[in-house]
Amino acid sequence: MKLIKGEIIMFKDKLKELREKEGLSQYELADKIYVSRTTVSKWERGLGLPSDVNIAQLCKYFKIDEEELISYSELKNNFKEKNKRNKLFILTSAYLLLLIVAIFFSSADIYFYNCGPFDSFCLEPISIFGLLEKWFIIVLVIYISSGTVSLFLLFNFISFSYKKKTIIVIILFIVSLIIFAVTFMISLFISIDNNYRLFY
C-alpha cells in the first residue's frame, strides 16, 4: 500500500485520491457504483466504511485489489464498532422494554378491595400509582427521563464512548429495577393497611 508519513493511507483518503485521479465528482462516482452521493461523502469524511458489496464495486470500477483500497485494521476496527453499537442497541431495547412493563404494570388495577358479602359499598380496584398518590408523578418522571437519556445515548445525542454509554444504561437499568421493586413493596404495604388485596 502507498504510505504517507510512515502510515497506511486511510480508506477515506484512498477513495478520495482514486476518485480525483479519475476526474469524478462524488455524485458521478455514486452513480457508477449505485449508491447516493451522501454515502460517498460519508465515506470520504471517515464516517463509515462501505459494505462488502460496495467494496467489490469500488474495486471493480477502479481496477484494484481490495487490499489496495482498505486495510485489515480498518475492517477490524469497523467490525468492533458495529459490535459495540449492536450490544448497546440490545441493552437499550431491553431497558426500554423494562420501563414499558414497569409503567404498564404500575398503572394497571391490580389491587382489589376486600368486600364482604354484607358490605353496603365496595371500593374500585386501584393501581400501584393510585396507592402512591402524588408520589407516582416522581416515579413516572424518573422512568421517562431515564428512558429519554438512554435513547439520547443510543442515537449519539450525547457524545460518550460506547463503554461509558453501556455503563450508564446498565446503571439506569439497575436503578429503575430497584425503583420498581421498592414502589411495588410500598404499594403492597399500603394496600394491606387499606383493606386491599393483590389481584382478584
# chains A, B, ... in the order shown; residues from 1 in each chain; ligands from 1
>>> residues_around(residues="Glu66 (chain A)", least_positions_apart="2", cutoff="12 Å", atoms="only C-alpha atoms", output="VMD selection string")
chain A and resid 1 11 14 to 15 50 52 to 64 68 to 72 75
>>> write_last_selection(atoms="N, CA and C atoms", output="PDB file, in the first residue's frame")
ATOM      1  N   MET A   1       0.825  -1.194   0.000  1.00  0.00           N
ATOM      2  CA  MET A   1       0.000   0.000   0.000  1.00  0.00           C
ATOM      3  C   MET A   1       0.864   1.250   0.000  1.00  0.00           C
ATOM      4  N   PHE A  11      -8.776   4.591   4.383  1.00  0.00           N
ATOM      5  CA  PHE A  11      -9.710   4.359   3.279  1.00  0.00           C
ATOM      6  C   PHE A  11     -10.284   5.657   2.736  1.00  0.00           C
ATOM      7  N   LYS A  14      -7.772   7.295   0.554  1.00  0.00           N
ATOM      8  CA  LYS A  14      -7.523   6.493  -0.644  1.00  0.00           C
ATOM      9  C   LYS A  14      -8.665   6.635  -1.638  1.00  0.00           C
ATOM     10  N   LEU A  15      -9.895   6.603  -1.141  1.00  0.00           N
ATOM     11  CA  LEU A  15     -11.060   6.729  -2.017  1.00  0.00           C
ATOM     12  C   LEU A  15     -11.081   8.089  -2.706  1.00  0.00           C
ATOM     13  N   PRO A  50     -17.718   1.138   3.585  1.00  0.00           N
ATOM     14  CA  PRO A  50     -18.719   0.507   2.714  1.00  0.00           C
ATOM     15  C   PRO A  50     -18.927  -0.963   3.055  1.00  0.00           C
ATOM     16  N   ASP A  52     -19.456  -5.027   2.034  1.00  0.00           N
ATOM     17  CA  ASP A  52     -18.657  -5.910   1.171  1.00  0.00           C
ATOM     18  C   ASP A  52     -19.038  -5.742  -0.297  1.00  0.00           C
ATOM     19  N   VAL A  53     -20.332  -5.561  -0.544  1.00  0.00           N
ATOM     20  CA  VAL A  53     -20.810  -5.386  -1.921  1.00  0.00           C
ATOM     21  C   VAL A  53     -20.262  -4.096  -2.509  1.00  0.00           C
ATOM     22  N   ASN A  54     -20.307  -3.013  -1.737  1.00  0.00           N
ATOM     23  CA  ASN A  54     -19.808  -1.721  -2.216  1.00  0.00           C
ATOM     24  C   ASN A  54     -18.294  -1.735  -2.412  1.00  0.00           C
ATOM     25  N   ILE A  55     -17.581  -2.439  -1.524  1.00  0.00           N
ATOM     26  CA  ILE A  55     -16.127  -2.562  -1.675  1.00  0.00           C
ATOM     27  C   ILE A  55     -15.801  -3.274  -2.985  1.00  0.00           C
ATOM     28  N   ALA A  56     -16.546  -4.340  -3.273  1.00  0.00           N
ATOM     29  CA  ALA A  56     -16.343  -5.093  -4.516  1.00  0.00           C
ATOM     30  C   ALA A  56     -16.612  -4.210  -5.735  1.00  0.00           C
ATOM     31  N   GLN A  57     -17.656  -3.369  -5.665  1.00  0.00           N
ATOM     32  CA  GLN A  57     -17.990  -2.475  -6.778  1.00  0.00           C
ATOM     33  C   GLN A  57     -16.901  -1.422  -6.985  1.00  0.00           C
ATOM     34  N   LEU A  58     -16.390  -0.889  -5.878  1.00  0.00           N
ATOM     35  CA  LEU A  58     -15.319   0.113  -5.962  1.00  0.00           C
ATOM     36  C   LEU A  58     -14.052  -0.496  -6.560  1.00  0.00           C
ATOM     37  N   CYS A  59     -13.696  -1.686  -6.103  1.00  0.00           N
ATOM     38  CA  CYS A  59     -12.500  -2.362  -6.611  1.00  0.00           C
ATOM     39  C   CYS A  59     -12.636  -2.676  -8.098  1.00  0.00           C
ATOM     40  N   LYS A  60     -13.831  -3.086  -8.485  1.00  0.00           N
ATOM     41  CA  LYS A  60     -14.084  -3.404  -9.891  1.00  0.00           C
ATOM     42  C   LYS A  60     -13.984  -2.151 -10.752  1.00  0.00           C
ATOM     43  N   TYR A  61     -14.543  -1.053 -10.266  1.00  0.00           N
ATOM     44  CA  TYR A  61     -14.520   0.178 -11.056  1.00  0.00           C
ATOM     45  C   TYR A  61     -13.105   0.735 -11.185  1.00  0.00           C
ATOM     46  N   PHE A  62     -12.377   0.785 -10.071  1.00  0.00           N
ATOM     47  CA  PHE A  62     -11.030   1.363 -10.088  1.00  0.00           C
ATOM     48  C   PHE A  62      -9.961   0.358 -10.518  1.00  0.00           C
ATOM     49  N   LYS A  63     -10.370  -0.906 -10.724  1.00  0.00           N
ATOM     50  CA  LYS A  63      -9.462  -1.971 -11.166  1.00  0.00           C
ATOM     51  C   LYS A  63      -8.287  -2.145 -10.202  1.00  0.00           C
ATOM     52  N   ILE A  64      -8.623  -2.304  -8.932  1.00  0.00           N
ATOM     53  CA  ILE A  64      -7.603  -2.521  -7.903  1.00  0.00           C
ATOM     54  C   ILE A  64      -8.033  -3.667  -6.990  1.00  0.00           C
ATOM     55  N   GLU A  68      -5.627  -2.963  -1.624  1.00  0.00           N
ATOM     56  CA  GLU A  68      -5.159  -1.633  -2.005  1.00  0.00           C
ATOM     57  C   GLU A  68      -6.145  -0.550  -1.580  1.00  0.00           C
ATOM     58  N   LEU A  69      -7.391  -0.935  -1.435  1.00  0.00           N
ATOM     59  CA  LEU A  69      -8.435   0.041  -1.116  1.00  0.00           C
ATOM     60  C   LEU A  69      -8.646   0.211   0.379  1.00  0.00           C
ATOM     61  N   ILE A  70      -8.591  -0.882   1.100  1.00  0.00           N
ATOM     62  CA  ILE A  70      -8.914  -0.810   2.523  1.00  0.00           C
ATOM     63  C   ILE A  70      -8.023  -1.765   3.315  1.00  0.00           C
ATOM     64  N   SER A  71      -7.566  -1.310   4.470  1.00  0.00           N
ATOM     65  CA  SER A  71      -6.658  -2.124   5.274  1.00  0.00           C
ATOM     66  C   SER A  71      -7.432  -3.053   6.203  1.00  0.00           C
ATOM     67  N   TYR A  72      -6.779  -4.124   6.607  1.00  0.00           N
ATOM     68  CA  TYR A  72      -7.397  -5.096   7.521  1.00  0.00           C
ATOM     69  C   TYR A  72      -7.733  -4.441   8.856  1.00  0.00           C
ATOM     70  N   LEU A  75     -11.004  -2.602   8.703  1.00  0.00           N
ATOM     71  CA  LEU A  75     -12.139  -3.527   8.722  1.00  0.00           C
ATOM     72  C   LEU A  75     -12.370  -4.075  10.123  1.00  0.00           C
TER      73      LEU A  75
END
>>> residues_around(residues="Thr39 (chain A)", least_positions_apart="3", cutoff="10 Å", atoms="only C-alpha atoms", output="PyMOL selection string")
chain A and resi 26-27+30+35-36+42-45+47-50
>>> write_last_selection(atoms="C-alpha atoms", output="compact mmCIF listing (two decimals), in the first residue's frame")
# COMPACT_ATOMS: atom_id res chain seq x y z
CA GLN A 26 -18.80 12.42 -5.62
CA TYR A 27 -22.13 12.36 -7.44
CA ALA A 30 -22.00 7.38 -6.54
CA VAL A 35 -25.15 4.48 -4.07
CA SER A 36 -26.15 8.02 -3.06
CA LYS A 42 -19.75 9.98 4.36
CA TRP A 43 -17.02 7.51 3.35
CA GLU A 44 -14.63 10.32 2.39
CA ARG A 45 -15.24 12.06 5.71
CA LEU A 47 -17.89 8.42 8.97
CA GLY A 48 -18.16 4.80 7.95
CA LEU A 49 -16.93 2.03 5.71
CA PRO A 50 -18.72 0.51 2.71
>>> select_by_dssp(residues="region 27-186 of chain A", states="strand (DSSP E or B)", output="list in words")
Asp109, Ile110, Tyr111, Phe112, Tyr113, Ile126 and Ser127 of chain A
>>> closest_residue(among="A:Tyr34, A:Phe184, A:Phe157, A:Tyr196", to="Leu132 (chain A)", atoms="only C-alpha atoms")
A:Phe184
>>> residues_around(residues="region 169-173 of chain A", least_positions_apart="5", cutoff="9 Å", atoms="only C-alpha atoms", output="ChimeraX atom specification")
/A:88,91-92,94-96,98-99,146-147,149-150,153,164,178
>>> closest_residue(among="A:Lys87, A:Lys12, A:Lys134, A:Lys21", to="Leu154 (chain A)", atoms="only C-alpha atoms")
A:Lys87
>>> atom_distance(atom1="CA of Leu151 (chain A)", atom2="CA of Thr183 (chain A)")
24.2 Å
>>> residues_around(residues="region 107-112 of chain A", least_positions_apart="4", cutoff="12 Å", atoms="only C-alpha atoms", output="PyMOL selection string")
chain A and resi 100-103+122-133+136-137+139-140+180+183-184+187-192+194-200
